[in-house]
Amino acid sequence: MPRLSSRLVRLILGWLVLILSGSVCANDQPPIDDRPRLIGLQAPDWFHLSFLDLGEDLQTARDEGKRGLVVYLGMDDCPYCEALFQVNFQQPDIVEYTRRHFLVVALDVLGSRTMTTLEGRPLTEREFAVGQRLNFTPSFLFHDLEGEPVFILRGYHSPYRFRA
(Lines give C-alpha, C1' and ligand atoms only; values in the text may rest on other atoms or scores of the structure.)
Protein backbone atom coordinates (compact mmCIF):
# COMPACT_ATOMS: atom_id res chain seq x y z
CA MET A 1 0.00 0.00 0.00
CA PRO A 2 1.51 3.34 -0.96
CA ARG A 3 2.43 5.74 1.83
CA LEU A 4 0.88 9.20 1.82
CA SER A 5 3.36 12.01 1.77
CA SER A 6 3.58 14.06 4.96
CA ARG A 7 2.52 17.13 2.99
CA LEU A 8 -0.67 15.44 1.80
CA VAL A 9 -1.42 14.19 5.34
CA ARG A 10 -1.00 17.72 6.73
CA LEU A 11 -3.28 19.10 4.01
CA ILE A 12 -5.98 16.54 4.78
CA LEU A 13 -5.70 17.16 8.53
CA GLY A 14 -5.91 20.92 7.96
CA TRP A 15 -9.12 20.56 5.95
CA LEU A 16 -10.60 18.28 8.60
CA VAL A 17 -9.85 20.81 11.33
CA LEU A 18 -11.51 23.59 9.32
CA ILE A 19 -14.58 21.48 8.55
CA LEU A 20 -15.01 20.19 12.09
CA SER A 21 -14.37 23.52 13.80
CA GLY A 22 -17.17 25.11 11.80
CA SER A 23 -19.61 22.36 12.67
CA VAL A 24 -19.13 22.45 16.45
CA CYS A 25 -19.59 26.23 16.96
CA ALA A 26 -22.95 27.19 18.43
CA ASN A 27 -25.04 29.30 16.07
CA ASP A 28 -26.06 31.65 18.89
CA GLN A 29 -22.52 32.19 20.15
CA PRO A 30 -21.09 35.55 19.04
CA PRO A 31 -17.47 35.64 17.94
CA ILE A 32 -15.30 36.74 20.84
CA ASP A 33 -11.89 38.22 20.30
CA ASP A 34 -10.04 36.90 23.34
CA ARG A 35 -6.72 38.56 22.60
CA PRO A 36 -5.44 40.64 25.54
CA ARG A 37 -6.33 44.31 25.39
CA LEU A 38 -6.94 47.15 27.83
CA ILE A 39 -10.68 47.56 28.34
CA GLY A 40 -10.78 48.02 32.10
CA LEU A 41 -13.29 46.67 34.58
CA GLN A 42 -16.81 47.19 33.28
CA ALA A 43 -20.26 47.39 34.84
CA PRO A 44 -23.40 49.06 33.53
CA ASP A 45 -24.62 52.16 35.31
CA TRP A 46 -27.77 50.31 36.41
CA PHE A 47 -25.75 47.95 38.63
CA HIS A 48 -26.18 48.87 42.29
CA LEU A 49 -23.50 51.17 43.66
CA SER A 50 -22.50 49.11 46.67
CA PHE A 51 -20.52 49.95 49.80
CA LEU A 52 -19.34 46.31 49.49
CA ASP A 53 -21.49 45.07 52.38
CA LEU A 54 -23.55 42.25 50.92
CA GLY A 55 -25.85 42.21 53.96
CA GLU A 56 -26.80 45.83 53.32
CA ASP A 57 -27.19 45.08 49.62
CA LEU A 58 -29.48 42.15 50.38
CA GLN A 59 -31.61 44.41 52.60
CA THR A 60 -31.80 46.95 49.77
CA ALA A 61 -32.98 44.16 47.44
CA ARG A 62 -35.74 43.29 49.95
CA ASP A 63 -36.69 46.96 50.39
CA GLU A 64 -36.96 47.41 46.63
CA GLY A 65 -39.14 44.32 46.21
CA LYS A 66 -36.58 42.34 44.23
CA ARG A 67 -36.46 38.54 44.05
CA GLY A 68 -32.84 38.41 45.12
CA LEU A 69 -29.31 39.69 45.13
CA VAL A 70 -26.87 38.92 42.34
CA VAL A 71 -23.13 39.26 42.84
CA TYR A 72 -21.31 39.74 39.54
CA LEU A 73 -17.58 39.01 39.45
CA GLY A 74 -15.59 40.47 36.59
CA MET A 75 -12.01 41.36 35.85
CA ASP A 76 -10.04 44.09 34.10
CA ASP A 77 -9.43 43.37 30.43
CA CYS A 78 -11.69 40.28 30.32
CA PRO A 79 -12.95 39.87 26.74
CA TYR A 80 -15.76 37.59 27.91
CA CYS A 81 -16.96 40.22 30.39
CA GLU A 82 -16.80 42.72 27.55
CA ALA A 83 -18.97 40.42 25.40
CA LEU A 84 -21.45 40.10 28.28
CA PHE A 85 -21.92 43.88 28.36
CA GLN A 86 -21.70 44.50 24.62
CA VAL A 87 -23.95 41.62 23.59
CA ASN A 88 -26.15 40.32 26.41
CA PHE A 89 -26.70 43.57 28.26
CA GLN A 90 -27.56 45.31 24.99
CA GLN A 91 -30.67 43.13 24.76
CA PRO A 92 -33.55 45.21 26.18
CA ASP A 93 -35.45 42.16 27.48
CA ILE A 94 -32.41 40.86 29.39
CA VAL A 95 -31.70 44.25 30.96
CA GLU A 96 -35.36 44.85 31.84
CA TYR A 97 -35.81 41.42 33.42
CA THR A 98 -32.55 41.59 35.37
CA ARG A 99 -33.21 45.11 36.66
CA ARG A 100 -36.79 44.32 37.63
CA HIS A 101 -36.03 41.13 39.57
CA PHE A 102 -32.51 41.49 40.97
CA LEU A 103 -30.20 43.92 42.68
CA VAL A 104 -26.84 43.41 40.97
CA VAL A 105 -23.57 44.21 42.74
CA ALA A 106 -20.22 44.11 40.90
CA LEU A 107 -16.99 42.85 42.43
CA ASP A 108 -13.51 42.55 40.94
CA VAL A 109 -12.40 38.92 40.97
CA LEU A 110 -8.81 40.09 41.56
CA GLY A 111 -9.79 43.05 43.73
CA SER A 112 -8.13 44.04 46.97
CA ARG A 113 -11.00 46.13 48.34
CA THR A 114 -12.44 44.85 51.60
CA MET A 115 -16.03 43.69 51.36
CA THR A 116 -18.36 42.10 53.89
CA THR A 117 -19.98 38.76 53.17
CA LEU A 118 -23.60 37.93 53.95
CA GLU A 119 -22.29 36.18 57.06
CA GLY A 120 -20.63 39.42 58.19
CA ARG A 121 -17.03 38.33 57.50
CA PRO A 122 -14.63 40.90 56.04
CA LEU A 123 -12.72 39.60 53.01
CA THR A 124 -11.04 41.05 49.97
CA GLU A 125 -12.97 40.68 46.75
CA ARG A 126 -10.39 38.14 45.59
CA GLU A 127 -10.68 36.07 48.78
CA PHE A 128 -14.46 36.09 48.37
CA ALA A 129 -14.21 34.98 44.73
CA VAL A 130 -11.82 32.14 45.54
CA GLY A 131 -13.90 31.05 48.54
CA GLN A 132 -17.02 30.90 46.38
CA ARG A 133 -15.12 29.17 43.53
CA LEU A 134 -15.98 32.10 41.30
CA ASN A 135 -12.53 33.02 40.08
CA PHE A 136 -13.59 32.47 36.47
CA THR A 137 -15.01 35.53 34.73
CA PRO A 138 -17.66 36.56 34.18
CA SER A 139 -19.47 34.84 37.05
CA PHE A 140 -22.78 35.46 38.76
CA LEU A 141 -23.83 34.30 42.22
CA PHE A 142 -27.59 34.50 42.79
CA HIS A 143 -28.99 34.72 46.34
CA ASP A 144 -32.61 34.52 47.40
CA LEU A 145 -34.04 37.08 49.82
CA GLU A 146 -32.98 34.92 52.76
CA GLY A 147 -29.38 35.21 51.62
CA GLU A 148 -29.09 31.61 50.49
CA PRO A 149 -27.13 30.97 47.29
CA VAL A 150 -29.54 29.53 44.74
CA PHE A 151 -27.66 29.57 41.44
CA ILE A 152 -24.18 30.11 40.04
CA LEU A 153 -23.50 31.07 36.43
CA ARG A 154 -19.85 30.77 35.42
CA GLY A 155 -18.45 32.04 32.17
CA TYR A 156 -19.91 33.82 29.19
CA HIS A 157 -23.19 32.52 27.81
CA SER A 158 -24.91 33.75 24.65
CA PRO A 159 -28.11 35.80 25.09
CA TYR A 160 -30.27 32.75 24.38
CA ARG A 161 -28.57 30.68 27.09
CA PHE A 162 -28.26 33.65 29.46
CA ARG A 163 -32.04 34.20 29.29
CA ALA A 164 -32.63 30.60 30.32
# chains A, B, ... in the order shown; residues from 1 in each chain; ligands from 1
call {"tool": "residues_around", "arguments": {"residues": "A:Asp63", "least_positions_apart": "6", "cutoff": "12 Å", "atoms": "only C-alpha atoms", "output": "ChimeraX atom specification"}}
result
/A:56-57,69,102-103,145
call {"tool": "residues_around", "arguments": {"residues": "A:Phe162", "least_positions_apart": "6", "cutoff": "12 Å", "atoms": "only C-alpha atoms", "output": "list in words"}}
result
Asp28, Gln29, Leu84, Val87, Asn88, Phe89, Gln91, Asp93, Ile94, Val95, Tyr97, Thr98, Pro138, Ser139, Phe140, Ile152, Leu153, Arg154, Gly155 and Tyr156 of chain A
call {"tool": "write_last_selection", "arguments": {"atoms": "N, CA and C atoms", "output": "PDB file, in the first residue's frame"}}
result
ATOM      1  N   ASP A  28     -25.691  30.463  18.114  1.00  0.00           N
ATOM      2  CA  ASP A  28     -26.059  31.645  18.888  1.00  0.00           C
ATOM      3  C   ASP A  28     -24.883  32.233  19.648  1.00  0.00           C
ATOM      4  N   GLN A  29     -23.702  31.724  19.446  1.00  0.00           N
ATOM      5  CA  GLN A  29     -22.516  32.189  20.154  1.00  0.00           C
ATOM      6  C   GLN A  29     -21.833  33.268  19.322  1.00  0.00           C
ATOM      7  N   LEU A  84     -20.240  40.090  27.457  1.00  0.00           N
ATOM      8  CA  LEU A  84     -21.446  40.098  28.278  1.00  0.00           C
ATOM      9  C   LEU A  84     -22.121  41.463  28.211  1.00  0.00           C
ATOM     10  N   VAL A  87     -22.978  42.462  24.289  1.00  0.00           N
ATOM     11  CA  VAL A  87     -23.946  41.617  23.585  1.00  0.00           C
ATOM     12  C   VAL A  87     -25.178  41.389  24.470  1.00  0.00           C
ATOM     13  N   ASN A  88     -25.008  40.688  25.572  1.00  0.00           N
ATOM     14  CA  ASN A  88     -26.153  40.319  26.412  1.00  0.00           C
ATOM     15  C   ASN A  88     -26.856  41.533  26.996  1.00  0.00           C
ATOM     16  N   PHE A  89     -26.086  42.432  27.603  1.00  0.00           N
ATOM     17  CA  PHE A  89     -26.702  43.572  28.261  1.00  0.00           C
ATOM     18  C   PHE A  89     -27.011  44.709  27.286  1.00  0.00           C
ATOM     19  N   GLN A  91     -29.354  43.674  25.071  1.00  0.00           N
ATOM     20  CA  GLN A  91     -30.673  43.126  24.756  1.00  0.00           C
ATOM     21  C   GLN A  91     -31.681  43.728  25.740  1.00  0.00           C
ATOM     22  N   ASP A  93     -34.691  43.084  26.622  1.00  0.00           N
ATOM     23  CA  ASP A  93     -35.446  42.161  27.480  1.00  0.00           C
ATOM     24  C   ASP A  93     -34.582  41.612  28.614  1.00  0.00           C
ATOM     25  N   ILE A  94     -33.313  41.362  28.345  1.00  0.00           N
ATOM     26  CA  ILE A  94     -32.409  40.863  29.391  1.00  0.00           C
ATOM     27  C   ILE A  94     -32.192  41.937  30.452  1.00  0.00           C
ATOM     28  N   VAL A  95     -31.934  43.149  30.012  1.00  0.00           N
ATOM     29  CA  VAL A  95     -31.702  44.247  30.956  1.00  0.00           C
ATOM     30  C   VAL A  95     -32.958  44.494  31.784  1.00  0.00           C
ATOM     31  N   TYR A  97     -35.531  42.523  32.499  1.00  0.00           N
ATOM     32  CA  TYR A  97     -35.813  41.418  33.417  1.00  0.00           C
ATOM     33  C   TYR A  97     -34.842  41.431  34.602  1.00  0.00           C
ATOM     34  N   THR A  98     -33.570  41.603  34.315  1.00  0.00           N
ATOM     35  CA  THR A  98     -32.553  41.591  35.372  1.00  0.00           C
ATOM     36  C   THR A  98     -32.764  42.750  36.336  1.00  0.00           C
ATOM     37  N   PRO A 138     -16.789  35.980  33.167  1.00  0.00           N
ATOM     38  CA  PRO A 138     -17.658  36.563  34.182  1.00  0.00           C
ATOM     39  C   PRO A 138     -18.369  35.469  34.973  1.00  0.00           C
ATOM     40  N   SER A 139     -18.704  35.764  36.210  1.00  0.00           N
ATOM     41  CA  SER A 139     -19.473  34.840  37.046  1.00  0.00           C
ATOM     42  C   SER A 139     -20.570  35.605  37.763  1.00  0.00           C
ATOM     43  N   PHE A 140     -21.659  34.905  38.023  1.00  0.00           N
ATOM     44  CA  PHE A 140     -22.784  35.464  38.757  1.00  0.00           C
ATOM     45  C   PHE A 140     -23.150  34.512  39.879  1.00  0.00           C
ATOM     46  N   ILE A 152     -25.463  29.553  40.460  1.00  0.00           N
ATOM     47  CA  ILE A 152     -24.179  30.110  40.038  1.00  0.00           C
ATOM     48  C   ILE A 152     -24.097  29.986  38.523  1.00  0.00           C
ATOM     49  N   LEU A 153     -23.708  31.063  37.875  1.00  0.00           N
ATOM     50  CA  LEU A 153     -23.502  31.075  36.432  1.00  0.00           C
ATOM     51  C   LEU A 153     -22.056  31.468  36.194  1.00  0.00           C
ATOM     52  N   ARG A 154     -21.271  30.525  35.682  1.00  0.00           N
ATOM     53  CA  ARG A 154     -19.845  30.766  35.421  1.00  0.00           C
ATOM     54  C   ARG A 154     -19.607  30.889  33.920  1.00  0.00           C
ATOM     55  N   GLY A 155     -18.848  31.894  33.559  1.00  0.00           N
ATOM     56  CA  GLY A 155     -18.447  32.037  32.169  1.00  0.00           C
ATOM     57  C   GLY A 155     -19.449  32.803  31.335  1.00  0.00           C
ATOM     58  N   TYR A 156     -19.038  33.106  30.110  1.00  0.00           N
ATOM     59  CA  TYR A 156     -19.913  33.822  29.189  1.00  0.00           C
ATOM     60  C   TYR A 156     -20.899  32.846  28.567  1.00  0.00           C
TER      61      TYR A 156
END
call {"tool": "closest_residue", "arguments": {"among": "A:Val104, A:Pro44, A:Val130, A:Leu73", "to": "A:Ala61", "atoms": "only C-alpha atoms"}}
result
A:Val104
call {"tool": "closest_residue", "arguments": {"among": "A:Arg121, A:His48, A:Lys66, A:Arg163", "to": "A:Ala106", "atoms": "only C-alpha atoms"}}
result
A:His48
call {"tool": "atom_distance", "arguments": {"atom1": "atom CA of A:Gln59", "atom2": "atom CA of A:Asp144"}}
result
11.2 Å
call {"tool": "closest_residue", "arguments": {"among": "A:Arg67, A:Ile32, A:Leu52, A:Tyr80", "to": "A:Ser112", "atoms": "only C-alpha atoms"}}
result
A:Leu52
call {"tool": "closest_residue", "arguments": {"among": "A:Ser158, A:Gly147, A:Asp33, A:Gly74", "to": "A:Val105", "atoms": "only C-alpha atoms"}}
result
A:Gly74
call {"tool": "atom_distance", "arguments": {"atom1": "atom CA of A:Leu123", "atom2": "atom CA of A:Gly65"}}
result
27.7 Å
call {"tool": "closest_residue", "arguments": {"among": "A:Asp53, A:Ala164, A:Thr124, A:Gln42", "to": "A:Glu82", "atoms": "only C-alpha atoms"}}
result
A:Gln42
call {"tool": "residues_around", "arguments": {"residues": "A:Phe151", "least_positions_apart": "3", "cutoff": "8 Å", "atoms": "only C-alpha atoms", "output": "PDB file with N, CA, C and O atoms, in the first residue's frame"}}
result
ATOM      1  N   LEU A 141     -23.368  35.064  41.063  1.00  0.00           N
ATOM      2  CA  LEU A 141     -23.829  34.296  42.218  1.00  0.00           C
ATOM      3  C   LEU A 141     -25.179  34.873  42.622  1.00  0.00           C
ATOM      4  O   LEU A 141     -25.273  36.028  43.034  1.00  0.00           O
ATOM      5  N   PHE A 142     -26.232  34.074  42.477  1.00  0.00           N
ATOM      6  CA  PHE A 142     -27.593  34.500  42.786  1.00  0.00           C
ATOM      7  C   PHE A 142     -27.951  34.062  44.198  1.00  0.00           C
ATOM      8  O   PHE A 142     -27.740  32.908  44.562  1.00  0.00           O
ATOM      9  N   HIS A 143     -28.507  35.009  44.984  1.00  0.00           N
ATOM     10  CA  HIS A 143     -28.987  34.720  46.339  1.00  0.00           C
ATOM     11  C   HIS A 143     -30.480  35.009  46.402  1.00  0.00           C
ATOM     12  O   HIS A 143     -30.951  35.976  45.793  1.00  0.00           O
TER      13      HIS A 143
END
